[in-house]
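Below: query_12.pdb (PDB, C-alpha atoms and all ligand atoms)
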MODEL        1
ATOM      1  CA  MET J   1       0.000   0.000   0.000  1.00  0.00           C
ATOM      2  CA  SER J   2       1.645   3.307  -1.028  1.00  0.00           C
ATOM      3  CA  ARG J   3       2.066   5.979   1.630  1.00  0.00           C
ATOM      4  CA  GLU J   4       0.439   9.421   1.322  1.00  0.00           C
ATOM      5  CA  ILE J   5       3.196  11.968   0.560  1.00  0.00           C
ATOM      6  CA  ARG J   6       3.265  15.576   1.841  1.00  0.00           C
ATOM      7  CA  ILE J   7       5.559  18.435   0.834  1.00  0.00           C
ATOM      8  CA  THR J   8       5.803  21.094   3.540  1.00  0.00           C
ATOM      9  CA  PRO J   9       8.153  23.842   2.230  1.00  0.00           C
ATOM     10  CA  SER J  10      10.074  25.975   4.715  1.00  0.00           C
ATOM     11  CA  ILE J  11      10.103  29.748   4.293  1.00  0.00           C
ATOM     12  CA  LEU J  12      13.400  30.061   6.155  1.00  0.00           C
ATOM     13  CA  ASN J  13      15.190  30.855   2.877  1.00  0.00           C
ATOM     14  CA  ALA J  14      12.357  32.922   1.412  1.00  0.00           C
ATOM     15  CA  ASP J  15      12.478  36.715   1.122  1.00  0.00           C
ATOM     16  CA  PHE J  16      11.218  37.797   4.559  1.00  0.00           C
ATOM     17  CA  SER J  17      10.592  41.320   3.282  1.00  0.00           C
ATOM     18  CA  ASN J  18       8.096  39.859   0.806  1.00  0.00           C
ATOM     19  CA  LEU J  19       6.705  36.937   2.777  1.00  0.00           C
ATOM     20  CA  ASP J  20       3.055  37.238   1.692  1.00  0.00           C
ATOM     21  CA  LEU J  21       4.054  37.020  -1.972  1.00  0.00           C
ATOM     22  CA  GLU J  22       6.587  34.246  -1.338  1.00  0.00           C
ATOM     23  CA  ILE J  23       3.937  32.159   0.447  1.00  0.00           C
ATOM     24  CA  LYS J  24       1.426  32.791  -2.325  1.00  0.00           C
ATOM     25  CA  ARG J  25       3.975  31.458  -4.879  1.00  0.00           C
ATOM     26  CA  ILE J  26       4.012  28.016  -3.228  1.00  0.00           C
ATOM     27  CA  ALA J  27       0.721  27.661  -1.328  1.00  0.00           C
ATOM     28  CA  ALA J  28      -1.234  25.909  -4.089  1.00  0.00           C
ATOM     29  CA  SER J  29       1.444  23.222  -4.507  1.00  0.00           C
ATOM     30  CA  SER J  30       2.174  22.677  -0.801  1.00  0.00           C
ATOM     31  CA  ASP J  31       0.426  20.506   1.772  1.00  0.00           C
ATOM     32  CA  LEU J  32       1.435  22.716   4.706  1.00  0.00           C
ATOM     33  CA  LEU J  33       3.732  25.703   5.178  1.00  0.00           C
ATOM     34  CA  HIS J  34       6.692  24.848   7.408  1.00  0.00           C
ATOM     35  CA  LEU J  35       7.319  27.762   9.779  1.00  0.00           C
ATOM     36  CA  ASP J  36      10.760  27.609  11.401  1.00  0.00           C
ATOM     37  CA  VAL J  37      10.585  29.463  14.711  1.00  0.00           C
ATOM     38  CA  MET J  38      14.016  30.132  16.217  1.00  0.00           C
ATOM     39  CA  ASP J  39      14.759  32.025  19.436  1.00  0.00           C
ATOM     40  CA  ASN J  40      18.582  32.361  19.228  1.00  0.00           C
ATOM     41  CA  ILE J  41      18.795  30.273  22.432  1.00  0.00           C
ATOM     42  CA  PHE J  42      17.872  26.721  21.445  1.00  0.00           C
ATOM     43  CA  VAL J  43      19.577  27.390  18.086  1.00  0.00           C
ATOM     44  CA  PRO J  44      22.071  30.152  17.185  1.00  0.00           C
ATOM     45  CA  ASN J  45      19.611  32.024  14.975  1.00  0.00           C
ATOM     46  CA  PHE J  46      16.430  34.079  15.319  1.00  0.00           C
ATOM     47  CA  THR J  47      13.474  34.104  12.914  1.00  0.00           C
ATOM     48  CA  PHE J  48      10.043  35.071  14.303  1.00  0.00           C
ATOM     49  CA  ASP J  49       8.643  35.984  17.715  1.00  0.00           C
ATOM     50  CA  PHE J  50       5.152  34.817  18.602  1.00  0.00           C
ATOM     51  CA  ALA J  51       3.454  38.044  17.445  1.00  0.00           C
ATOM     52  CA  ARG J  52       4.976  37.845  13.959  1.00  0.00           C
ATOM     53  CA  SER J  53       4.337  34.090  13.795  1.00  0.00           C
ATOM     54  CA  ALA J  54       0.664  34.652  14.662  1.00  0.00           C
ATOM     55  CA  GLU J  55       0.367  37.159  11.787  1.00  0.00           C
ATOM     56  CA  ILE J  56       1.906  34.686   9.333  1.00  0.00           C
ATOM     57  CA  ILE J  57      -0.377  31.896  10.593  1.00  0.00           C
ATOM     58  CA  ALA J  58      -3.481  34.106  10.353  1.00  0.00           C
ATOM     59  CA  ASP J  59      -2.665  35.272   6.806  1.00  0.00           C
ATOM     60  CA  CYS J  60      -1.487  31.916   5.464  1.00  0.00           C
ATOM     61  CA  PRO J  61      -3.838  30.474   2.810  1.00  0.00           C
ATOM     62  CA  ILE J  62      -2.868  26.907   3.788  1.00  0.00           C
ATOM     63  CA  GLY J  63      -2.249  25.113   7.099  1.00  0.00           C
ATOM     64  CA  VAL J  64       0.920  25.903   9.028  1.00  0.00           C
ATOM     65  CA  ASP J  65       3.363  23.307  10.395  1.00  0.00           C
ATOM     66  CA  ALA J  66       5.236  25.206  13.123  1.00  0.00           C
ATOM     67  CA  HIS J  67       8.704  23.842  13.892  1.00  0.00           C
ATOM     68  CA  LEU J  68       9.551  25.301  17.305  1.00  0.00           C
ATOM     69  CA  MET J  69      13.306  25.533  17.798  1.00  0.00           C
ATOM     70  CA  VAL J  70      12.946  27.402  21.063  1.00  0.00           C
ATOM     71  CA  ALA J  71      14.137  26.815  24.638  1.00  0.00           C
ATOM     72  CA  GLU J  72      10.805  27.638  26.375  1.00  0.00           C
ATOM     73  CA  VAL J  73       8.853  25.224  24.188  1.00  0.00           C
ATOM     74  CA  ASP J  74       6.502  23.822  26.882  1.00  0.00           C
ATOM     75  CA  GLN J  75       5.390  27.358  27.678  1.00  0.00           C
ATOM     76  CA  ILE J  76       4.761  28.554  24.112  1.00  0.00           C
ATOM     77  CA  ALA J  77       3.766  25.487  22.076  1.00  0.00           C
ATOM     78  CA  PRO J  78       0.053  25.532  23.084  1.00  0.00           C
ATOM     79  CA  ALA J  79      -0.219  29.171  21.960  1.00  0.00           C
ATOM     80  CA  TYR J  80       0.917  28.175  18.445  1.00  0.00           C
ATOM     81  CA  ALA J  81      -1.877  25.600  18.338  1.00  0.00           C
ATOM     82  CA  GLU J  82      -4.376  28.172  19.643  1.00  0.00           C
ATOM     83  CA  ALA J  83      -3.128  30.634  16.974  1.00  0.00           C
ATOM     84  CA  GLY J  84      -4.397  28.162  14.373  1.00  0.00           C
ATOM     85  CA  CYS J  85      -1.433  25.962  13.414  1.00  0.00           C
ATOM     86  CA  ALA J  86      -2.340  22.639  11.793  1.00  0.00           C
ATOM     87  CA  SER J  87       0.702  21.048  13.446  1.00  0.00           C
ATOM     88  CA  VAL J  88       3.167  22.112  16.165  1.00  0.00           C
ATOM     89  CA  THR J  89       6.515  20.375  16.563  1.00  0.00           C
ATOM     90  CA  ILE J  90       8.416  20.458  19.838  1.00  0.00           C
ATOM     91  CA  HIS J  91      12.016  19.264  20.145  1.00  0.00           C
ATOM     92  CA  VAL J  92      12.751  16.442  22.580  1.00  0.00           C
ATOM     93  CA  GLU J  93      15.940  18.321  23.489  1.00  0.00           C
ATOM     94  CA  ALA J  94      13.915  21.375  24.615  1.00  0.00           C
ATOM     95  CA  THR J  95      10.764  20.028  26.299  1.00  0.00           C
ATOM     96  CA  SER J  96      10.709  18.814  29.899  1.00  0.00           C
ATOM     97  CA  ASN J  97       7.333  17.062  29.618  1.00  0.00           C
ATOM     98  CA  ILE J  98       6.374  15.482  26.290  1.00  0.00           C
ATOM     99  CA  PRO J  99       2.999  13.993  27.396  1.00  0.00           C
ATOM    100  CA  MET J 100       1.859  17.264  28.996  1.00  0.00           C
ATOM    101  CA  THR J 101       2.808  19.521  26.075  1.00  0.00           C
ATOM    102  CA  ALA J 102       1.627  17.068  23.429  1.00  0.00           C
ATOM    103  CA  LYS J 103      -1.738  16.877  25.192  1.00  0.00           C
ATOM    104  CA  ALA J 104      -1.973  20.692  25.386  1.00  0.00           C
ATOM    105  CA  ILE J 105      -1.185  21.050  21.656  1.00  0.00           C
ATOM    106  CA  ARG J 106      -3.790  18.451  20.679  1.00  0.00           C
ATOM    107  CA  LYS J 107      -6.368  19.927  23.071  1.00  0.00           C
ATOM    108  CA  ALA J 108      -5.885  23.269  21.295  1.00  0.00           C
ATOM    109  CA  GLY J 109      -6.736  21.564  17.995  1.00  0.00           C
ATOM    110  CA  ALA J 110      -3.366  20.946  16.339  1.00  0.00           C
ATOM    111  CA  ARG J 111      -1.358  17.834  15.526  1.00  0.00           C
ATOM    112  CA  CYS J 112       1.730  17.363  17.692  1.00  0.00           C
ATOM    113  CA  GLY J 113       5.169  16.649  16.189  1.00  0.00           C
ATOM    114  CA  LEU J 114       8.265  15.469  18.061  1.00  0.00           C
ATOM    115  CA  GLY J 115      11.536  16.877  16.702  1.00  0.00           C
ATOM    116  CA  ILE J 116      14.772  14.849  16.959  1.00  0.00           C
ATOM    117  CA  LYS J 117      18.149  16.505  16.363  1.00  0.00           C
ATOM    118  CA  PRO J 118      20.870  14.538  14.507  1.00  0.00           C
ATOM    119  CA  GLY J 119      22.752  13.688  17.721  1.00  0.00           C
ATOM    120  CA  THR J 120      19.652  12.377  19.518  1.00  0.00           C
ATOM    121  CA  SER J 121      18.711   8.692  19.262  1.00  0.00           C
ATOM    122  CA  ILE J 122      15.141   7.802  18.291  1.00  0.00           C
ATOM    123  CA  GLU J 123      15.040   4.706  20.524  1.00  0.00           C
ATOM    124  CA  ASP J 124      14.767   6.893  23.647  1.00  0.00           C
ATOM    125  CA  TYR J 125      11.478   8.359  22.349  1.00  0.00           C
ATOM    126  CA  ALA J 126       9.756   5.310  20.879  1.00  0.00           C
ATOM    127  CA  ASP J 127       7.517   5.071  23.963  1.00  0.00           C
ATOM    128  CA  PHE J 128       5.814   8.364  23.057  1.00  0.00           C
ATOM    129  CA  VAL J 129       4.598   7.034  19.726  1.00  0.00           C
ATOM    130  CA  ASP J 130       0.962   6.876  20.883  1.00  0.00           C
ATOM    131  CA  GLU J 131       0.966  10.433  22.261  1.00  0.00           C
ATOM    132  CA  ILE J 132       2.026  12.266  19.102  1.00  0.00           C
ATOM    133  CA  ASP J 133       1.021  12.663  15.443  1.00  0.00           C
ATOM    134  CA  MET J 134       4.420  13.039  13.745  1.00  0.00           C
ATOM    135  CA  PHE J 135       8.136  12.441  14.208  1.00  0.00           C
ATOM    136  CA  LEU J 136      10.404  15.115  12.684  1.00  0.00           C
ATOM    137  CA  ILE J 137      13.849  13.666  11.956  1.00  0.00           C
ATOM    138  CA  MET J 138      16.393  16.463  11.431  1.00  0.00           C
ATOM    139  CA  THR J 139      18.857  15.754   8.635  1.00  0.00           C
ATOM    140  CA  VAL J 140      20.865  18.896   9.419  1.00  0.00           C
ATOM    141  CA  GLU J 141      21.837  20.579  12.685  1.00  0.00           C
ATOM    142  CA  PRO J 142      18.874  22.923  13.308  1.00  0.00           C
ATOM    143  CA  GLY J 143      19.420  26.657  12.894  1.00  0.00           C
ATOM    144  CA  PHE J 144      20.011  27.373   9.218  1.00  0.00           C
ATOM    145  CA  GLY J 145      18.734  26.513   5.761  1.00  0.00           C
ATOM    146  CA  GLY J 146      20.983  25.546   2.866  1.00  0.00           C
ATOM    147  CA  GLN J 147      23.014  22.905   4.731  1.00  0.00           C
ATOM    148  CA  LYS J 148      24.021  19.495   3.320  1.00  0.00           C
ATOM    149  CA  PHE J 149      21.693  16.521   3.871  1.00  0.00           C
ATOM    150  CA  MET J 150      23.153  14.163   6.504  1.00  0.00           C
ATOM    151  CA  TYR J 151      22.960  10.683   4.933  1.00  0.00           C
ATOM    152  CA  ASP J 152      23.912   9.096   8.248  1.00  0.00           C
ATOM    153  CA  MET J 153      20.374   9.970   9.390  1.00  0.00           C
ATOM    154  CA  ILE J 154      18.915   7.483   6.878  1.00  0.00           C
ATOM    155  CA  GLU J 155      19.256   4.647   9.398  1.00  0.00           C
ATOM    156  CA  LYS J 156      17.323   6.707  11.968  1.00  0.00           C
ATOM    157  CA  LEU J 157      14.536   7.219   9.410  1.00  0.00           C
ATOM    158  CA  ARG J 158      14.328   3.459   8.878  1.00  0.00           C
ATOM    159  CA  LYS J 159      14.187   2.810  12.647  1.00  0.00           C
ATOM    160  CA  THR J 160      11.498   5.479  13.076  1.00  0.00           C
ATOM    161  CA  ARG J 161       9.414   3.923  10.313  1.00  0.00           C
ATOM    162  CA  VAL J 162       9.571   0.595  12.196  1.00  0.00           C
ATOM    163  CA  ILE J 163       8.582   2.301  15.472  1.00  0.00           C
ATOM    164  CA  ILE J 164       5.555   3.921  13.761  1.00  0.00           C
ATOM    165  CA  GLY J 165       4.387   0.587  12.335  1.00  0.00           C
ATOM    166  CA  ASP J 166       0.867   0.941  10.897  1.00  0.00           C
ATOM    167  CA  ARG J 167      -0.112   3.888  13.075  1.00  0.00           C
ATOM    168  CA  PRO J 168      -1.380   7.069  11.289  1.00  0.00           C
ATOM    169  CA  ILE J 169       1.736   8.979  12.363  1.00  0.00           C
ATOM    170  CA  TRP J 170       3.626  11.119   9.856  1.00  0.00           C
ATOM    171  CA  LEU J 171       7.395  10.782   9.417  1.00  0.00           C
ATOM    172  CA  GLN J 172       8.825  14.191   8.475  1.00  0.00           C
ATOM    173  CA  VAL J 173      12.383  14.813   7.276  1.00  0.00           C
ATOM    174  CA  ASP J 174      13.863  18.276   7.534  1.00  0.00           C
ATOM    175  CA  GLY J 175      17.146  19.642   6.266  1.00  0.00           C
ATOM    176  CA  GLY J 176      18.947  19.459   2.923  1.00  0.00           C
ATOM    177  CA  VAL J 177      16.002  17.862   1.133  1.00  0.00           C
ATOM    178  CA  SER J 178      16.407  18.330  -2.626  1.00  0.00           C
ATOM    179  CA  LEU J 179      15.981  16.527  -5.970  1.00  0.00           C
ATOM    180  CA  GLU J 180      19.245  14.715  -5.151  1.00  0.00           C
ATOM    181  CA  THR J 181      18.333  13.592  -1.623  1.00  0.00           C
ATOM    182  CA  ILE J 182      14.538  13.158  -1.408  1.00  0.00           C
ATOM    183  CA  SER J 183      14.467   9.666  -2.940  1.00  0.00           C
ATOM    184  CA  ALA J 184      16.818   8.233  -0.299  1.00  0.00           C
ATOM    185  CA  ALA J 185      14.672   9.773   2.455  1.00  0.00           C
ATOM    186  CA  ALA J 186      11.446   8.446   0.923  1.00  0.00           C
ATOM    187  CA  GLU J 187      12.930   5.004   0.380  1.00  0.00           C
ATOM    188  CA  ALA J 188      13.943   4.941   4.075  1.00  0.00           C
ATOM    189  CA  GLY J 189      10.345   5.622   5.113  1.00  0.00           C
ATOM    190  CA  ALA J 190       9.773   9.399   5.251  1.00  0.00           C
ATOM    191  CA  ASP J 191       6.373  10.604   3.996  1.00  0.00           C
ATOM    192  CA  THR J 192       6.477  14.327   4.840  1.00  0.00           C
ATOM    193  CA  PHE J 193       9.243  16.487   3.400  1.00  0.00           C
ATOM    194  CA  VAL J 194      10.479  19.920   4.381  1.00  0.00           C
ATOM    195  CA  ALA J 195      12.384  21.714   1.636  1.00  0.00           C
ATOM    196  CA  GLY J 196      13.580  25.279   2.056  1.00  0.00           C
ATOM    197  CA  SER J 197      16.483  26.321  -0.141  1.00  0.00           C
ATOM    198  CA  ALA J 198      15.699  23.697  -2.808  1.00  0.00           C
ATOM    199  CA  VAL J 199      12.305  25.383  -3.264  1.00  0.00           C
ATOM    200  CA  PHE J 200      13.134  29.063  -2.863  1.00  0.00           C
ATOM    201  CA  ASN J 201      16.401  28.923  -4.802  1.00  0.00           C
ATOM    202  CA  ALA J 202      14.550  27.337  -7.732  1.00  0.00           C
ATOM    203  CA  GLU J 203      13.578  29.311 -10.830  1.00  0.00           C
ATOM    204  CA  ASP J 204      10.002  28.106 -10.348  1.00  0.00           C
ATOM    205  CA  PRO J 205       9.329  27.121  -6.680  1.00  0.00           C
ATOM    206  CA  ALA J 206       5.911  25.616  -7.409  1.00  0.00           C
ATOM    207  CA  ALA J 207       7.334  23.427 -10.171  1.00  0.00           C
ATOM    208  CA  MET J 208      10.172  22.359  -7.856  1.00  0.00           C
ATOM    209  CA  ILE J 209       7.628  21.260  -5.239  1.00  0.00           C
ATOM    210  CA  GLU J 210       5.857  19.121  -7.838  1.00  0.00           C
ATOM    211  CA  SER J 211       9.169  17.584  -8.954  1.00  0.00           C
ATOM    212  CA  LEU J 212      10.053  16.770  -5.345  1.00  0.00           C
ATOM    213  CA  ARG J 213       6.597  15.258  -4.835  1.00  0.00           C
ATOM    214  CA  ALA J 214       6.863  13.100  -7.956  1.00  0.00           C
ATOM    215  CA  LEU J 215      10.205  11.656  -6.779  1.00  0.00           C
ATOM    216  CA  ALA J 216       8.883  10.932  -3.277  1.00  0.00           C
ATOM    217  CA  VAL J 217       5.670   9.348  -4.610  1.00  0.00           C
ATOM    218  CA  SER J 218       7.597   7.060  -6.938  1.00  0.00           C
ATOM    219  CA  GLU J 219       9.817   5.901  -4.038  1.00  0.00           C
ATOM    220  CA  ALA J 220       6.943   5.408  -1.616  1.00  0.00           C
ATOM    221  CA  ARG J 221       5.041   2.961  -3.827  1.00  0.00           C
TER     222      ARG J 221
HETATM  223  C1  LIG V   1      16.634  24.194   9.918  1.00  0.00           C
HETATM  224  C2  LIG V   1      15.132  24.181   9.636  1.00  0.00           C
HETATM  225  C3  LIG V   1      14.798  23.581   8.308  1.00  0.00           C
HETATM  226  C4  LIG V   1      15.479  24.315   7.164  1.00  0.00           C
HETATM  227  C5  LIG V   1      15.288  23.569   5.879  1.00  0.00           C
HETATM  228  O1  LIG V   1      16.850  24.383  11.288  1.00  0.00           O
HETATM  229  O2  LIG V   1      14.450  23.429  10.604  1.00  0.00           O
HETATM  230  O3  LIG V   1      13.386  23.575   8.128  1.00  0.00           O
HETATM  231  O4  LIG V   1      14.931  25.582   7.024  1.00  0.00           O
HETATM  232  O5  LIG V   1      15.978  24.306   4.911  1.00  0.00           O
HETATM  233  P1  LIG V   1      16.789  23.518   3.783  1.00  0.00           P
HETATM  234  O6  LIG V   1      15.739  22.716   3.054  1.00  0.00           O
HETATM  235  O7  LIG V   1      17.393  24.610   2.960  1.00  0.00           O
HETATM  236  O8  LIG V   1      17.779  22.651   4.489  1.00  0.00           O
HETATM  237 ZN    ZN V   2      12.317  23.109  10.157  1.00  0.00          ZN
ENDMDL
END
Written form, structure tokens:
Amino acid sequence: MSREIRITPSILNADFSNLDLEIKRIAASSDLLHLDVMDNIFVPNFTFDFARSAEIIADCPIGVDAHLMVAEVDQIAPAYAEAGCASVTIHVEATSNIPMTAKAIRKAGARCGLGIKPGTSIEDYADFVDEIDMFLIMTVEPGFGGQKFMYDMIEKLRKTRVIIGDRPIWLQVDGGVSLETISAAAEAGADTFVAGSAVFNAEDPAAMIESLRALAVSEAR
């Protein structure tokens, strides 16, 4: 049975001074908009505070998949769900209470994702599989777009796919996803793909999203 494939482009490498237009260029081809929220504490970069994030979420013509790379994630994650996000991802390296925050996100009407940095093992978090809606496997060190895909994360994708089994849990891959790397990620079991620089550096971002989708669909058969 072939897996449903989702492309969730990141705006991290888009033109922030023209964000409405940049989002409009890709919305029709995307399943969700991946919003990378960085606080310059959990990662050495800053993108959006909550007020700006809430504006982007409110104006976005499609659902928003918030990727919270913030230190105070247990305190702010529920507010992202209440602001209307379709999905809110918290990092295992930032939260101090996965069940509590996952429950709060879901209660506020959003799906809950669990983010795993490259240096973190997935085995330690397998027990939370029935309390979340998605695993986000980072294939770069979080903080910046345009980095190289880490092929040594492929094994972790395979293990995560086994942990998920036949549950309706999404397996998202984030970092360095491109025409060259998406097939290996899909073959290893990913079904939800973040692409930032591959999309916004392309001549035609919408066409790039469709090309990425076609490659992932053909692998996931
Ligand atoms: C990095 C972010 C990613 C990144 C993806 O910390 O979580 O979403 O923006 O950008 P690319 O696809 O350029 O690696
Ligand atoms: Zn991200």
Using all atoms listed in the file, what does the table of chain J residues within 6 Å of ligand ZN 2 (chain V) look like, with each row giving the shortest atom pair and its distance in Å to one decimal, sorted by chain and ascending number, as a Markdown table?
| residue | atom | partner | partner_atom | distance |
| --- | --- | --- | --- | --- |
| J:Asp36 | CA | V:ZN2 | ZN | 4.9 |
| J:His67 | CA | V:ZN2 | ZN | 5.2 |
| J:Asp174 | CA | V:ZN2 | ZN | 5.7 |
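Point (1.7, 17.6, 1.2) has the following residues at most 6 Å away: Ile5, Arg6, Ile7, Thr8, Ser30 and Asp31 of chain J (atoms considered: all atoms listed in the file).
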- Determine, counting only C-alpha atoms, every residue of protein, DNA or RNA that lies within 12 Å of (8.1, 26.0, 25.6) in the file coordinates, then give the result as a count of residues only. 36
- Which residues match the PyMOL selection byres (((not hetatm)) within 8 of (chain V and resi 1)) in the file above, as a PyMOL selection string? chain J and resi 9-13+34-36+43+67+69+138+140-149+174-178+194-199
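Separating CA of Leu215 in chain J from CA of Leu19 in chain J is a distance of 27.3 Å.
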- Item | Residues matched by the PyMOL selection byres (((chain J and resi 117-126) around 10) and not hetatm) as a PyMOL selection string | chain J and resi 91-93+98+114-116+127-130+135-142+150+152-153+156-157+159-160+162-164+174
- Task: Expand the PyMOL selection byres (((chain J and resi 56) around 12) and not hetatm) into the individual residues it matches in the shown file, reporting them as a count of residues only.
- Result: 36
- Message: Here is a test: counting only C-alpha atoms, which residue of J:Val173, J:Glu4, J:Ala14, J:Asp191 is nearest to Ile26 in chain J?
- Response: J:Ala14
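Reported to one decimal place, the separation of CA of Pro44 in chain J from CA of Thr181 in chain J is 25.3 Å.
You can rank J:Glu187, J:Glu82, J:Asp133, J:Asp204 by their closest distance to Ile169 in chain J using all atoms listed in the file, and at the top of that list sits J:Asp133.
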- Selected residue, from J:Ala184, J:Leu179, J:Met134, J:Ala86, that lies nearest to Arg167 in chain J when counting only C-alpha atoms: J:Met134
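Going from CA of Glu180 in chain J over to CA of Ser211 in chain J, you cover 11.1 Å.
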With 3 Å on each side, where is the centre of the axis-aligned box around all listed atoms of range 45-62 of chain J, and how long are its edges in Å to one decimal, as lines of an AutoDock Vina configuration file?
center_x = 7.9
center_y = 32.5
center_z = 10.7
size_x = 29.4
size_y = 17.1
size_z = 21.8
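Considering the residues J:Lys107, J:Arg161, J:Arg3, J:Arg25 and counting only C-alpha atoms, Ser87 in chain J has its shortest atom-to-atom contact with J:Lys107.
Among J:Gly189, J:Pro205, J:Pro99, J:Gly109, the residue with the shortest atom-to-atom distance to Ser2 in chain J, counting all atoms listed in the file, is J:Gly189.
Comparing the minimum interatomic distances between Leu171 in chain J and each of J:Ala186, J:Thr192, J:Leu212, J:Ile154, counting all atoms listed in the file, we find that J:Thr192 sits nearest.
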